[in-house]
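Here is target_31.tsv, consisting of TSV, C-alpha atoms and all ligand atoms:
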chain	number	residue	atom	x	y	z
A	28	MET	CA	-29.40	10.74	221.27
A	29	ASN	CA	-31.53	8.44	219.18
A	30	SER	CA	-34.97	8.97	217.77
A	31	THR	CA	-37.81	7.03	219.32
A	32	ASN	CA	-40.56	5.08	217.60
A	33	SER	CA	-43.29	6.92	219.46
A	34	GLY	CA	-43.36	10.69	219.38
A	35	LEU	CA	-41.32	12.95	217.18
A	36	GLY	CA	-38.07	11.66	215.76
A	37	LEU	CA	-34.85	13.61	215.85
A	38	GLY	CA	-34.52	14.08	212.10
A	39	PRO	CA	-33.45	17.23	210.25
A	40	ILE	CA	-33.80	20.44	212.24
A	41	ASP	CA	-33.53	24.04	211.02
A	42	VAL	CA	-31.71	26.22	213.57
A	43	HIS	CA	-32.62	29.58	212.05
A	44	VAL	CA	-36.27	30.42	211.24
A	45	HIS	CA	-37.66	33.91	211.85
A	46	LEU	CA	-41.07	34.82	213.15
A	47	SER	CA	-42.32	38.18	211.93
A	48	LEU	CA	-45.06	40.21	213.62
A	49	ASN	CA	-46.29	43.68	212.73
A	50	GLY	CA	-47.88	44.66	216.02
A	51	GLN	CA	-51.47	44.53	214.73
A	52	GLY	CA	-52.19	40.96	215.85
A	53	SER	CA	-52.57	39.38	219.27
A	54	LEU	CA	-48.94	38.30	219.69
A	55	SER	CA	-46.45	40.82	220.98
A	56	GLY	CA	-44.11	42.04	218.25
A	57	TRP	CA	-43.44	44.95	215.96
A	58	SER	CA	-41.69	45.73	212.68
A	59	ARG	CA	-40.65	48.79	210.74
A	60	ARG	CA	-40.94	48.48	206.96
A	61	ARG	CA	-38.14	50.73	205.74
A	62	TRP	CA	-38.82	51.95	202.20
A	63	VAL	CA	-35.40	50.75	201.08
A	64	MET	CA	-36.38	47.18	201.99
A	65	ARG	CA	-39.73	47.15	200.22
A	66	PRO	CA	-38.54	45.60	196.91
A	67	PHE	CA	-36.69	42.89	198.86
A	68	LEU	CA	-39.70	42.18	201.06
A	69	ALA	CA	-41.82	41.87	197.92
A	70	ALA	CA	-39.30	39.35	196.49
A	71	ALA	CA	-39.25	37.42	199.78
A	72	ALA	CA	-43.09	37.40	199.91
A	73	HIS	CA	-43.17	35.97	196.39
A	74	ASP	CA	-40.55	33.35	197.23
A	75	ILE	CA	-42.28	32.10	200.39
A	76	GLY	CA	-45.72	32.28	198.78
A	77	LEU	CA	-47.05	34.96	201.12
A	78	ARG	CA	-50.08	36.39	199.38
A	79	GLY	CA	-50.74	39.98	200.45
A	80	GLY	CA	-47.08	40.69	201.30
A	81	PHE	CA	-45.61	41.99	204.57
A	82	ALA	CA	-48.40	44.39	205.53
A	83	GLY	CA	-52.00	44.44	206.71
A	84	ARG	CA	-54.00	43.63	209.81
A	85	ASP	CA	-53.95	39.91	209.11
A	86	PHE	CA	-50.21	39.77	208.37
A	87	ASP	CA	-49.18	37.93	211.56
A	88	GLU	CA	-51.70	35.17	210.95
A	89	ARG	CA	-50.89	34.81	207.24
A	90	TYR	CA	-47.14	34.73	207.89
A	91	LEU	CA	-47.36	32.08	210.59
A	92	ASN	CA	-49.88	29.89	208.80
A	93	ARG	CA	-47.73	29.96	205.65
A	94	LEU	CA	-44.67	28.96	207.70
A	95	VAL	CA	-46.57	26.15	209.48
A	96	GLY	CA	-47.70	24.88	206.09
A	97	TRP	CA	-44.14	24.75	204.74
A	98	LEU	CA	-42.85	23.09	207.91
A	99	GLU	CA	-45.55	20.39	207.85
A	100	ASP	CA	-44.88	19.79	204.18
A	101	SER	CA	-41.10	19.41	204.57
A	102	SER	CA	-38.77	16.64	205.71
A	103	LEU	CA	-37.86	18.68	208.80
A	104	SER	CA	-38.56	17.20	212.23
A	105	ALA	CA	-38.37	20.62	213.82
A	106	ALA	CA	-37.38	24.26	213.42
A	107	VAL	CA	-36.10	26.78	215.97
A	108	LEU	CA	-38.42	29.78	215.82
A	109	LEU	CA	-36.57	32.94	216.79
A	110	ALA	CA	-37.55	35.85	219.00
A	111	TYR	CA	-35.87	39.21	218.42
A	112	ASP	CA	-35.11	41.58	221.29
A	113	TRP	CA	-35.11	45.38	220.86
A	114	VAL	CA	-31.96	47.33	220.09
A	115	ARG	CA	-30.97	48.46	223.60
A	116	ASP	CA	-28.65	51.07	225.09
A	117	SER	CA	-25.77	50.05	227.33
A	118	TYR	CA	-28.12	50.05	230.35
A	119	GLY	CA	-30.40	47.60	228.57
A	120	PHE	CA	-33.29	49.98	227.86
A	121	PRO	CA	-35.11	49.64	224.53
A	122	ARG	CA	-34.28	52.01	221.67
A	123	LYS	CA	-37.31	51.64	219.43
A	124	ASP	CA	-35.97	54.48	217.26
A	125	LEU	CA	-32.99	52.29	216.31
A	126	SER	CA	-34.97	49.04	216.01
A	127	ASP	CA	-36.47	47.59	212.84
A	128	LEU	CA	-37.88	44.41	214.33
A	129	TYR	CA	-39.11	43.07	217.64
A	130	VAL	CA	-40.50	39.61	218.40
A	131	SER	CA	-41.27	38.87	222.03
A	132	ASN	CA	-40.18	35.72	223.83
A	133	GLU	CA	-43.82	35.16	224.81
A	134	ALA	CA	-44.77	34.95	221.12
A	135	VAL	CA	-42.30	32.19	220.20
A	136	ILE	CA	-42.99	30.29	223.43
A	137	ALA	CA	-46.77	30.46	222.84
A	138	ILE	CA	-46.45	29.27	219.24
A	139	ALA	CA	-44.10	26.43	220.20
A	140	ARG	CA	-46.68	25.29	222.79
A	141	ARG	CA	-49.32	25.03	220.12
A	142	HIS	CA	-47.20	23.58	217.36
A	143	PRO	CA	-45.08	20.54	218.24
A	144	LYS	CA	-42.44	21.10	215.55
A	145	PHE	CA	-41.36	24.56	216.70
A	146	LEU	CA	-38.75	25.02	219.40
A	147	PRO	CA	-38.52	28.51	220.92
A	148	GLY	CA	-35.30	30.48	220.38
A	149	VAL	CA	-35.57	33.36	222.84
A	150	SER	CA	-33.76	36.70	222.67
A	151	ILE	CA	-32.52	38.56	225.77
A	152	HIS	CA	-30.07	41.48	225.70
A	153	PRO	CA	-27.74	40.66	228.64
A	154	GLY	CA	-27.67	44.34	229.66
A	155	ARG	CA	-31.39	44.33	230.49
A	156	PRO	CA	-32.11	45.03	234.15
A	157	ASP	CA	-34.29	41.89	234.15
A	158	ALA	CA	-31.92	39.77	232.02
A	159	PHE	CA	-31.45	37.00	234.60
A	160	ASP	CA	-35.14	36.79	235.52
A	161	GLU	CA	-36.12	36.65	231.88
A	162	LEU	CA	-33.53	33.96	231.18
A	163	GLU	CA	-34.79	31.81	234.05
A	164	ARG	CA	-38.40	32.37	233.02
A	165	CYS	CA	-37.71	31.40	229.39
A	166	ALA	CA	-35.61	28.37	230.37
A	167	ALA	CA	-38.41	27.15	232.65
A	168	GLN	CA	-40.81	27.47	229.72
A	169	GLY	CA	-38.76	25.29	227.39
A	170	ALA	CA	-36.44	27.71	225.59
A	171	ALA	CA	-34.15	25.79	223.22
A	172	LEU	CA	-31.49	28.46	222.70
A	173	LEU	CA	-30.72	32.17	223.01
A	174	LYS	CA	-30.58	34.29	219.84
A	175	LEU	CA	-28.71	37.59	219.65
A	176	LEU	CA	-27.54	39.92	216.90
A	177	PRO	CA	-24.64	41.73	218.61
A	178	CYS	CA	-24.08	44.24	215.77
A	179	VAL	CA	-27.80	45.08	215.55
A	180	GLN	CA	-28.90	44.90	219.18
A	181	ASN	CA	-25.77	46.59	220.60
A	182	VAL	CA	-24.49	43.58	222.58
A	183	ASP	CA	-20.75	43.56	223.19
A	184	CYS	CA	-20.59	39.95	224.39
A	185	ASN	CA	-16.98	40.33	225.56
A	186	GLU	CA	-17.83	42.94	228.22
A	187	SER	CA	-16.77	41.47	231.56
A	188	ARG	CA	-20.02	42.56	233.27
A	189	TYR	CA	-21.85	39.95	231.14
A	190	LYS	CA	-19.72	37.07	232.47
A	191	PRO	CA	-22.27	35.93	235.10
A	192	PHE	CA	-24.98	35.91	232.40
A	193	TRP	CA	-22.89	33.66	230.11
A	194	GLU	CA	-22.03	31.40	233.05
A	195	ARG	CA	-25.71	31.00	233.85
A	196	LEU	CA	-26.47	30.31	230.18
A	197	ALA	CA	-23.77	27.61	230.14
A	198	LYS	CA	-25.17	26.09	233.32
A	199	LEU	CA	-28.66	25.96	231.79
A	200	GLY	CA	-27.17	24.21	228.75
A	201	LEU	CA	-28.66	26.76	226.35
A	202	PRO	CA	-26.62	27.43	223.18
A	203	LEU	CA	-26.14	31.00	221.97
A	204	LEU	CA	-26.98	31.54	218.30
A	205	ALA	CA	-25.31	34.85	217.40
A	206	HIS	CA	-25.40	36.72	214.14
A	207	THR	CA	-21.92	37.19	212.59
A	208	GLY	CA	-20.80	38.82	209.33
A	209	GLY	CA	-22.79	41.07	207.01
A	210	GLU	CA	-26.35	42.09	207.81
A	211	PHE	CA	-28.71	43.16	205.10
A	212	CYS	CA	-32.29	43.05	206.36
A	213	VAL	CA	-32.06	45.30	209.43
A	214	ARG	CA	-29.78	48.19	210.41
A	215	SER	CA	-26.50	47.46	212.19
A	216	ILE	CA	-25.47	50.03	214.73
A	217	ARG	CA	-22.19	48.37	215.81
A	218	ASN	CA	-20.15	47.27	212.79
A	219	ASP	CA	-17.30	46.35	215.15
A	220	LEU	CA	-19.49	43.54	216.53
A	221	LYS	CA	-19.87	41.65	213.23
A	222	THR	CA	-16.74	39.60	213.83
A	223	PRO	CA	-16.96	36.18	215.52
A	224	ALA	CA	-14.11	37.44	217.75
A	225	CYS	CA	-16.77	39.31	219.75
A	226	LEU	CA	-18.03	35.90	220.99
A	227	ARG	CA	-14.90	34.92	222.93
A	228	LEU	CA	-16.20	35.55	226.44
A	229	PRO	CA	-19.33	33.34	226.14
A	230	LEU	CA	-17.12	30.61	224.59
A	231	GLU	CA	-14.65	30.87	227.47
A	232	CYS	CA	-17.54	30.69	229.94
A	233	GLY	CA	-18.45	27.29	228.44
A	234	VAL	CA	-21.44	28.34	226.31
A	235	THR	CA	-22.01	26.42	223.07
A	236	VAL	CA	-21.88	29.25	220.53
A	237	ILE	CA	-23.28	28.98	217.02
A	238	ALA	CA	-22.05	31.71	214.66
A	239	ALA	CA	-24.94	32.35	212.30
A	240	HIS	CA	-23.72	32.66	208.70
A	241	CYS	CA	-20.15	31.66	209.69
A	242	GLY	CA	-19.03	35.31	209.58
A	243	THR	CA	-19.60	35.59	205.81
A	244	ARG	CA	-20.52	38.69	203.81
A	245	ALA	CA	-24.13	39.56	202.92
A	246	LEU	CA	-23.13	42.16	200.30
A	247	PRO	CA	-19.95	42.29	198.17
A	248	TRP	CA	-18.65	45.39	200.01
A	249	ASP	CA	-19.22	44.00	203.52
A	250	GLY	CA	-16.19	43.22	205.63
A	251	ASP	CA	-15.41	39.50	205.50
A	252	HIS	CA	-15.06	37.77	208.88
A	253	PHE	CA	-14.93	34.23	207.54
A	254	GLN	CA	-11.21	33.73	208.30
A	255	THR	CA	-11.84	34.68	211.91
A	256	PHE	CA	-14.68	32.13	211.99
A	257	LEU	CA	-12.30	29.40	210.75
A	258	GLU	CA	-9.60	30.33	213.26
A	259	MET	CA	-12.05	30.33	216.14
A	260	ARG	CA	-13.62	27.06	215.04
A	261	SER	CA	-10.22	25.39	215.25
A	262	ARG	CA	-9.50	26.97	218.64
A	263	TYR	CA	-12.81	26.42	220.48
A	264	PRO	CA	-14.44	22.95	220.44
A	265	ASN	CA	-17.72	24.54	221.59
A	266	PHE	CA	-17.86	26.84	218.53
A	267	TYR	CA	-20.19	26.01	215.61
A	268	GLY	CA	-21.46	27.75	212.48
A	269	ASP	CA	-24.86	27.75	210.82
A	270	LEU	CA	-25.27	27.47	207.05
A	271	SER	CA	-28.13	29.97	206.80
A	272	PRO	CA	-28.70	31.28	204.12
A	273	LEU	CA	-25.34	30.43	202.49
A	274	SER	CA	-26.13	29.94	198.81
A	275	HIS	CA	-25.61	33.31	197.11
A	276	ILE	CA	-22.76	34.56	194.91
A	277	THR	CA	-21.22	36.43	197.84
A	278	HIS	CA	-21.02	33.15	199.80
A	279	LEU	CA	-19.35	30.92	197.21
A	280	VAL	CA	-15.71	31.30	198.31
A	281	SER	CA	-16.63	30.59	201.93
A	282	LEU	CA	-18.97	27.74	200.96
A	283	GLU	CA	-16.19	26.10	198.97
A	284	ARG	CA	-13.98	26.07	202.05
A	285	LEU	CA	-16.81	24.80	204.29
A	286	ARG	CA	-17.55	21.95	201.87
A	287	GLU	CA	-13.92	20.85	202.16
A	288	ASP	CA	-14.01	21.01	205.96
A	289	PRO	CA	-17.61	20.66	207.17
A	290	ALA	CA	-16.76	20.29	210.87
A	291	ARG	CA	-19.33	21.61	213.38
A	292	LEU	CA	-21.78	23.09	210.89
A	293	LEU	CA	-25.55	23.22	211.36
A	294	HIS	CA	-28.37	23.45	208.86
A	295	GLY	CA	-30.45	26.62	208.71
A	296	THR	CA	-32.41	28.70	206.23
A	297	ASP	CA	-32.79	32.17	207.81
A	298	TYR	CA	-36.42	31.94	206.56
A	299	PRO	CA	-37.91	34.14	205.07
A	300	VAL	CA	-34.53	34.99	203.48
A	301	VAL	CA	-34.40	33.50	200.00
A	302	SER	CA	-31.91	30.72	199.13
A	303	ALA	CA	-30.39	30.74	195.64
A	304	VAL	CA	-29.73	27.58	193.60
A	305	PHE	CA	-28.13	29.04	190.47
A	306	PRO	CA	-24.75	30.03	192.06
A	307	SER	CA	-24.12	26.37	192.98
A	308	PHE	CA	-24.74	25.42	189.36
A	309	LEU	CA	-22.37	28.19	188.18
A	310	LYS	CA	-19.74	26.79	190.50
A	311	GLY	CA	-20.18	23.30	189.04
A	312	TRP	CA	-21.39	21.78	192.33
A	313	ILE	CA	-24.73	20.69	190.88
A	314	SER	CA	-25.76	19.47	187.42
A	315	ARG	CA	-28.28	21.19	185.13
A	316	GLU	CA	-30.83	18.49	186.07
A	317	GLU	CA	-30.24	19.22	189.76
A	318	LEU	CA	-30.67	22.93	189.08
A	319	HIS	CA	-34.08	22.32	187.51
A	320	ARG	CA	-35.13	19.83	190.16
A	321	LEU	CA	-34.19	22.15	193.03
A	322	ASN	CA	-35.74	25.23	191.44
A	323	ALA	CA	-38.99	23.30	191.01
A	324	ILE	CA	-39.28	22.83	194.80
A	325	GLY	CA	-41.77	25.46	195.92
A	326	ASN	CA	-41.24	24.89	199.65
A	327	PRO	CA	-38.36	27.17	200.72
A	328	LEU	CA	-37.59	25.11	203.85
A	329	GLU	CA	-37.34	21.89	201.83
A	330	LYS	CA	-35.45	23.56	198.98
A	331	LYS	CA	-32.59	24.60	201.30
A	332	ILE	CA	-32.32	21.07	202.77
A	333	GLN	CA	-32.06	19.54	199.32
A	334	LEU	CA	-29.68	22.24	198.09
A	335	THR	CA	-27.35	21.70	201.06
A	336	ARG	CA	-27.37	17.96	200.38
A	337	ALA	CA	-26.71	18.50	196.67
A	338	GLN	CA	-23.82	20.82	197.55
A	339	GLY	CA	-22.19	17.82	199.22
A	340	PHE	CA	-22.55	18.60	202.93
A	341	PRO	CA	-22.72	15.52	205.19
A	342	GLU	CA	-25.99	14.37	206.79
A	343	GLN	CA	-24.90	15.32	210.29
A	344	VAL	CA	-25.31	19.05	209.54
A	345	PHE	CA	-29.07	18.40	209.64
A	346	THR	CA	-29.17	16.64	213.00
A	347	ASP	CA	-26.13	17.65	215.10
A	348	LEU	CA	-28.11	20.45	216.74
A	349	TRP	CA	-30.06	17.85	218.75
A	350	ARG	CA	-26.85	17.01	220.65
A	351	LEU	CA	-26.38	20.67	221.60
A	352	LEU	CA	-29.83	21.47	222.98
A	353	PRO	CA	-30.77	21.02	226.66
A	354	GLU	CA	-31.73	17.39	227.30
A	355	THR	CA	-35.02	18.40	228.88
A	356	VAL	CA	-35.98	20.27	225.71
A	357	VAL	CA	-35.18	17.28	223.50
A	358	ARG	CA	-37.05	14.89	225.78
A	359	SER	CA	-40.18	17.01	225.96
A	360	PHE	CA	-40.04	17.52	222.18
A	361	GLN	CA	-40.18	13.76	221.68
A	362	GLN	CA	-42.96	13.33	224.23
A	363	ARG	CA	-45.04	16.12	222.76
A	364	GLY	CA	-45.21	14.29	219.45
A	365	SER	CA	-46.75	11.20	221.01
A	366	ARG	CA	-49.49	13.25	222.71
A	367	ILE	CA	-50.67	14.90	219.51
A	368	PRO	CA	-53.02	12.68	217.52
A	369	GLY	CA	-52.49	13.99	214.01
A	370	PRO	CA	-51.13	16.90	212.02
A	371	PRO	CA	-52.09	20.08	213.89
A	372	ASP	CA	-54.57	22.50	212.40
A	373	LEU	CA	-53.38	25.86	211.26
A	374	LEU	CA	-52.96	28.25	214.12
A	375	ALA	CA	-55.92	30.43	214.92
A	376	PHE	CA	-55.39	33.86	216.50
A	401	ZN	ZN	-31.55	35.62	210.69
Please, can you express the file's structure as structure tokens?
Amino acid sequence: MNSTNSGLGLGPIDVHVHLSLNGQGSLSGWSRRRWVMRPFLAAAAHDIGLRGGFAGRDFDERYLNRLVGWLEDSSLSAAVLLAYDWVRDSYGFPRKDLSDLYVSNEAVIAIARRHPKFLPGVSIHPGRPDAFDELERCAAQGAALLKLLPCVQNVDCNESRYKPFWERLAKLGLPLLAHTGGEFCVRSIRNDLKTPACLRLPLECGVTVIAAHCGTRALPWDGDHFQTFLEMRSRYPNFYGDLSPLSHITHLVSLERLREDPARLLHGTDYPVVSAVFPSFLKGWISREELHRLNAIGNPLEKKIQLTRAQGFPEQVFTDLWRLLPETVVRSFQQRGSRIPGPPDLLAF
């Protein structure tokens, strides 16, 4: 697909941007601030320039307005804004006690309606009694993809009872973006579902599957599922990986291999997760001047684009996602741009 002169062009797109809601605003969402995460949330708040941190009645508004500001001030054409379903039991009922985060599909759909550069990434546990209805409803409202975290949300994608759900997803042309590998920010309740091997059934049903983080570790002692990612990428032509937030010391060995063979990789940040520049300098991939130049970029969305470029990844990692999204979504994205007269105002709640 080519970009058009009118409307929004199909330039760089970020496949992995998180919305965060604390349940005190008007959009439906919730988060648990575990004490163990507080220092990391403080670091993330500093990095993304979120004054006031991850708490308070006005958090939802501050978080979103900060994100809109970075997006408008970046070279991105668009970003997929992700919903986050509850952890659910095997019957699909919510387990709030096991959940750390919830972002409703309504929230990402409503924001994408008001801001032309966001595309909604919805989240539906396939075991939900209303899974099919919710999928149809979200697809009709312009969902760009489905996001799941199998190890967090308790989704064993290979269970045969989910086959009709994957077949419907394939028919709708919606890709599945699935977390793989280590998870640091929220609790995992199924460590056996961190491997990309748990995504075989949707792949065999014809779904385009994007393995977030390419199965890499988050922490040095995490199990490493990167080899499985590589094996599956060579076996399934509909299998992709996202580069979010691959930049840290724990990612270097995998990144080296991906640089040598950058087939079917997609750009992503995992915003608000911080990207690190220094490890790429340590590895000799970027010069000291590049290190200083990249570290001087205050916009975390732009910094990751420029870091990925400096690491030597080809330009198509920034735009290949457009080929994988439903055509109707891409077309309406381009048309939306031509209807909006100028840069949108910050979102009011
Ligand atoms: Zn993420």
Worksheet item: Can you tell me which residues sit at most 9 Å away from ligand ZN 401 (chain A), counting all atoms listed in the file, written as a list in words?
Response: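 Listed by chain and ascending number, the contacts are His43, Val44, His45, Leu109, Leu176, His206, Glu210, Cys212, Ala239, His240, Ser271, Pro272, Thr296, Asp297, Tyr298, Pro299 and Val300 of chain A.
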Discussion item. Can you pull out the residues contacting Gln51 in chain A? Cut-off 10 Å, using only C-alpha atoms, and skip same-chain residues under 4 positions away; I want them as a list in words.
Written reply: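 Once the nearby chain positions are removed, what remains is Ser55, Gly56, Trp57, Ala82, Gly83, Arg84, Asp85, Phe86 and Asp87 of chain A.
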Fill in: Selection near range 177-186 of chain A, 9 Å with all atoms listed in the file, sequence-local residues under 3 positions removed, as a PyMOL selection string
chain A and resi 112-117+125-126+152-154+189-190+193+205-207+210+213-222+224-229
Those residues you just picked out, can you put them in a file as an mmCIF file, in the frame of the given file with C-alpha atoms?
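The result, written out as result19.cif:
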data_model
loop_
_atom_site.group_PDB
_atom_site.id
_atom_site.type_symbol
_atom_site.label_atom_id
_atom_site.label_comp_id
_atom_site.auth_asym_id
_atom_site.auth_seq_id
_atom_site.Cartn_x
_atom_site.Cartn_y
_atom_site.Cartn_z
ATOM 1 C CA ASP A 112 -35.110 41.580 221.290
ATOM 2 C CA TRP A 113 -35.110 45.380 220.860
ATOM 3 C CA VAL A 114 -31.960 47.330 220.090
ATOM 4 C CA ARG A 115 -30.970 48.460 223.600
ATOM 5 C CA ASP A 116 -28.650 51.070 225.090
ATOM 6 C CA SER A 117 -25.770 50.050 227.330
ATOM 7 C CA LEU A 125 -32.990 52.290 216.310
ATOM 8 C CA SER A 126 -34.970 49.040 216.010
ATOM 9 C CA HIS A 152 -30.070 41.480 225.700
ATOM 10 C CA PRO A 153 -27.740 40.660 228.640
ATOM 11 C CA GLY A 154 -27.670 44.340 229.660
ATOM 12 C CA TYR A 189 -21.850 39.950 231.140
ATOM 13 C CA LYS A 190 -19.720 37.070 232.470
ATOM 14 C CA TRP A 193 -22.890 33.660 230.110
ATOM 15 C CA ALA A 205 -25.310 34.850 217.400
ATOM 16 C CA HIS A 206 -25.400 36.720 214.140
ATOM 17 C CA THR A 207 -21.920 37.190 212.590
ATOM 18 C CA GLU A 210 -26.350 42.090 207.810
ATOM 19 C CA VAL A 213 -32.060 45.300 209.430
ATOM 20 C CA ARG A 214 -29.780 48.190 210.410
ATOM 21 C CA SER A 215 -26.500 47.460 212.190
ATOM 22 C CA ILE A 216 -25.470 50.030 214.730
ATOM 23 C CA ARG A 217 -22.190 48.370 215.810
ATOM 24 C CA ASN A 218 -20.150 47.270 212.790
ATOM 25 C CA ASP A 219 -17.300 46.350 215.150
ATOM 26 C CA LEU A 220 -19.490 43.540 216.530
ATOM 27 C CA LYS A 221 -19.870 41.650 213.230
ATOM 28 C CA THR A 222 -16.740 39.600 213.830
ATOM 29 C CA ALA A 224 -14.110 37.440 217.750
ATOM 30 C CA CYS A 225 -16.770 39.310 219.750
ATOM 31 C CA LEU A 226 -18.030 35.900 220.990
ATOM 32 C CA ARG A 227 -14.900 34.920 222.930
ATOM 33 C CA LEU A 228 -16.200 35.550 226.440
ATOM 34 C CA PRO A 229 -19.330 33.340 226.140
#
Discussion item. Could you check which residues have any atom within 10 Å of (-43.3, 38.3, 203.6), counting all atoms listed in the file with coordinates taken straight from the file, and then list them as a PyMOL selection string?
Written reply: chain A and resi 47+67-82+86-87+89-90+93+298-300
Fill in: Nearest to Ser314 in chain A, chosen from A:Leu108, A:Ala134, A:Leu292, A:Leu334, with only C-alpha atoms counted in the distances
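Result for the nearest residue to Ser314 in chain A: A:Leu334.
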Worksheet entry | Separation of CA of Val130 in chain A from CA of Gly295 in chain A, in Å and rounded to one decimal | 19.1 Å
Worksheet, complete the sentence: Using all atoms listed in the file, the residue out of A:Cys165, A:Ile40, A:Ile237, A:Met259 with shortest distance to His294 in chain A is A:Ile40
Worksheet item: Taking (-21.8, 28.9, 214.0) in the file's coordinates, which residues come within 6 Å, counting only C-alpha atoms, written as a ChimeraX atom specification?
Response: /A:237-239,241,267-269
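With distances taken over all atoms listed in the file, A:Asp100 is the one residue among A:Leu46, A:Asp100, A:Asp160, A:Arg60 lying closest to Glu329 in chain A.
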Worksheet item: Which of these, A:Gly311, A:Glu99, A:Ala303, A:Gly208, has the shortest distance to Thr335 in chain A once you count all atoms listed in the file?
Response: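 The answer is A:Ala303, which sits nearest to Thr335 in chain A.
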Worksheet item: Which of these, A:Leu352, A:Leu328, A:Val357, A:Ala197, has the shortest distance to Trp97 in chain A once you count all atoms listed in the file?
Response: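 Residue with the minimum atom-to-atom distance to Trp97 in chain A: A:Leu328.
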Fill in: Counting all atoms listed in the file, the option among A:Ala139, A:Leu309, A:Ala323, A:Ala290 closest to Glu342 in chain A
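Of A:Ala139, A:Leu309, A:Ala323, A:Ala290, the one nearest Glu342 in chain A is A:Ala290, counting all atoms listed in the file.
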Worksheet item: So how many Å separate CA of Ala337 in chain A and CA of Leu318 in chain A, to one decimal?
Response: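 Taking CA of Ala337 in chain A as the start and CA of Leu318 in chain A as the end point, the length is 9.6 Å.
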Fill in: Between CA of Ser302 in chain A and CA of His275 in chain A, distance in Å (one decimal)
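Interatomic distance, CA of Ser302 in chain A to CA of His275 in chain A: 7.1 Å.
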What box, with edges along x, y and z, holds each listed atom of range 252-263 of chain A when 6 Å is added on every side, and can you state its centre and edge lengths in Å to one decimal, as lines of an AutoDock Vina configuration file?
center_x = -12.3
center_y = 31.6
center_z = 214.0
size_x = 17.6
size_y = 24.4
size_z = 24.9
Worksheet entry | Neighbour list for Glu283 in chain A as an NGL selection string, cut-off 10 Å, all atoms listed in the file, skip fewer than 4 positions in-chain | :A and (278-279 or 287-289 or 307 or 310 or 312 or 338)
Discussion item. List the spatial neighbours of His319 in chain A as a ChimeraX atom specification - criterion: any atom at most 12 Å away, all atoms listed in the file, same-chain residues fewer than 5 positions off excluded.
Written reply: /A:304-305,308,313-314,324-325,330,334
Can you write out the residues you just picked, keeping C-alpha atoms, as a JSON list (two decimals), in the frame of the given file?
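result.json, freshly written:
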[["chain", "number", "residue", "atom", "x", "y", "z"],
["A", 304, "VAL", "CA", -29.73, 27.58, 193.60],
["A", 305, "PHE", "CA", -28.13, 29.04, 190.47],
["A", 308, "PHE", "CA", -24.74, 25.42, 189.36],
["A", 313, "ILE", "CA", -24.73, 20.69, 190.88],
["A", 314, "SER", "CA", -25.76, 19.47, 187.42],
["A", 324, "ILE", "CA", -39.28, 22.83, 194.80],
["A", 325, "GLY", "CA", -41.77, 25.46, 195.92],
["A", 330, "LYS", "CA", -35.45, 23.56, 198.98],
["A", 334, "LEU", "CA", -29.68, 22.24, 198.09]]
Do you know which residues are at most 7 Å from Phe256 in chain A counting all atoms listed in the file, after dropping those on the same chain fewer than 3 positions away, and could you put them as a compact mmCIF listing (two decimals) with C-alpha atoms, in the frame of the given file?
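The result, written out as out-v5.txt:
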# COMPACT_ATOMS: atom_id res chain seq x y z
CA PRO A 223 -16.96 36.18 215.52
CA CYS A 241 -20.15 31.66 209.69
CA GLY A 242 -19.03 35.31 209.58
CA HIS A 252 -15.06 37.77 208.88
CA PHE A 253 -14.93 34.23 207.54
CA MET A 259 -12.05 30.33 216.14
CA ARG A 260 -13.62 27.06 215.04
